[in-house]
Structures are given as C-alpha cells and as structure tokens.
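Asker: I'd like to ask some things about the structure below.
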Amino acid sequence: MTRLWTEAVVIEVKANGGGQPLAFQWVRHLHRVTGIANRWRVHTLWWREEIWREYFKVLTDSGLLCTLYHDLLAEHWYLERVYD
C-alpha cells in the first residue's frame, strides 16, 4: 500500500553536486537517504504547461521508502509518495 498525494508535499532537500538527494526534512524529522532504488526524468506537456522533473525512489535511514521529485523549472523539491 502507498500514500500518493495529488498535490505533492514541498520539502527541503540537501543534494550532492550531481543532483542526488542526500537528506530531506519532512514532518519535523531529518531523513537521510541511504539508497536510491530508481531515478528517472519526465519532460512533458510542453504544449500546455511544461513539466520537467527528476524523480528519485529512495530508502532512508529510518526505513522509509518514498518517491521524491525535483521540479527542474521551479527549483523546488517535493515528496510525492510514501510506501508502507
């Protein structure tokens, strides 16, 4: 089971020079990324409103498995999904 937010949650992320998340702040807790299970980019809907995002499915030090994305146009990070 997963929790998917239709409106992703804005989060603060510390990333390395290659853009990979190292840690993020969510619900007043710092989650350190211990592994990246998957990474992909989406660039679509350019004819209406351009969407350009880089997604990361990450595992944290607290055992959380979740999907984060970086909006490459707005330069914001979001938490989109948490896996139970």
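Every chain in the structure tokens has a letter given in the order shown (A, B, ...), and although residue numbers restart at 1 in each chain, ligands are simply numbered from 1 in the order shown.
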Could you list, as an MDAnalysis selection string, every residue within 12 Å of segment 11-19 of chain A, counting only C-alpha atoms and ignoring same-chain residues fewer than 6 positions away?
Answerer: chainID A and resid 25:33 39 53:56 67:72 75:80
Asker: Restricting the output to C-alpha atoms, write the selected residues as a PDB file, in the first residue's frame.
Answerer:
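Output saved as out00.pdb:
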```pdb
ATOM      1  CA  GLN A  25      13.234  17.324   6.050  1.00  0.00           C
ATOM      2  CA  TRP A  26       9.652  16.025   6.432  1.00  0.00           C
ATOM      3  CA  VAL A  27       7.288  16.142   9.407  1.00  0.00           C
ATOM      4  CA  ARG A  28       9.944  17.832  11.567  1.00  0.00           C
ATOM      5  CA  HIS A  29      12.350  14.933  11.034  1.00  0.00           C
ATOM      6  CA  LEU A  30      15.566  14.731   9.022  1.00  0.00           C
ATOM      7  CA  HIS A  31      15.550  11.640   6.779  1.00  0.00           C
ATOM      8  CA  ARG A  32      18.970  10.627   5.470  1.00  0.00           C
ATOM      9  CA  VAL A  33      18.950   8.858   2.103  1.00  0.00           C
ATOM     10  CA  ARG A  39      15.936   7.631 -10.874  1.00  0.00           C
ATOM     11  CA  ARG A  53      11.016  16.818 -13.217  1.00  0.00           C
ATOM     12  CA  GLU A  54      13.620  14.429 -11.940  1.00  0.00           C
ATOM     13  CA  TYR A  55      12.228  11.635  -9.752  1.00  0.00           C
ATOM     14  CA  PHE A  56      14.017   9.541  -7.131  1.00  0.00           C
ATOM     15  CA  THR A  67       9.357   8.966  -4.099  1.00  0.00           C
ATOM     16  CA  LEU A  68      10.774  12.478  -4.234  1.00  0.00           C
ATOM     17  CA  TYR A  69      10.963  14.749  -7.225  1.00  0.00           C
ATOM     18  CA  HIS A  70      12.849  17.884  -8.113  1.00  0.00           C
ATOM     19  CA  ASP A  71      10.919  20.367 -10.240  1.00  0.00           C
ATOM     20  CA  LEU A  72      13.738  21.455 -12.540  1.00  0.00           C
ATOM     21  CA  GLU A  75      13.801  24.545  -8.456  1.00  0.00           C
ATOM     22  CA  HIS A  76      11.627  23.037  -5.693  1.00  0.00           C
ATOM     23  CA  TRP A  77      11.656  19.541  -4.171  1.00  0.00           C
ATOM     24  CA  TYR A  78       8.529  17.525  -3.378  1.00  0.00           C
ATOM     25  CA  LEU A  79       7.567  14.330  -1.577  1.00  0.00           C
ATOM     26  CA  GLU A  80       5.074  12.558  -3.828  1.00  0.00           C
TER      27      GLU A  80
END
```
Asker: So that I can check the secondary structure, give me every residue of chain A assigned strand (DSSP E or B) by backbone DSSP, as an MDAnalysis selection string.
Answerer: chainID A and resid 2:15 21:26 29:44 51:60 65:71 76:83
Asker: How many Å separate atom CA of Val58 of chain A from atom CA of Trp46 of chain A?
Answerer: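 Separation of atom CA of Val58 of chain A and atom CA of Trp46 of chain A: 27.5 Å.
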Asker: Closest to Val10 of chain A among A:Gly63, A:Lys57, A:Gly35, A:Phe24, using only C-alpha atoms?
Answerer: A:Phe24
Asker: Give the answer as one residue: which of A:Thr6, A:Gln20, A:Thr34, A:Thr44 has the shortest atom-to-atom distance to Thr60 of chain A, using only C-alpha atoms?
Answerer: A:Thr34
Asker: At a cut-off of 8 Å, using only C-alpha atoms, what residues contact His43 of chain A? Leave out same-chain residues fewer than 5 positions from it and give the result as a list in words.
Answerer: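 Once the nearby chain positions are removed, what remains is Glu50, Ile51, Trp52 and Arg53 of chain A.
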Asker: Name the closest residue to Glu49 of chain A among the candidates A:Leu73, A:Leu22, A:Ala8, A:Ile36; distances are taken between atoms, counting only C-alpha atoms.
Answerer: A:Leu73
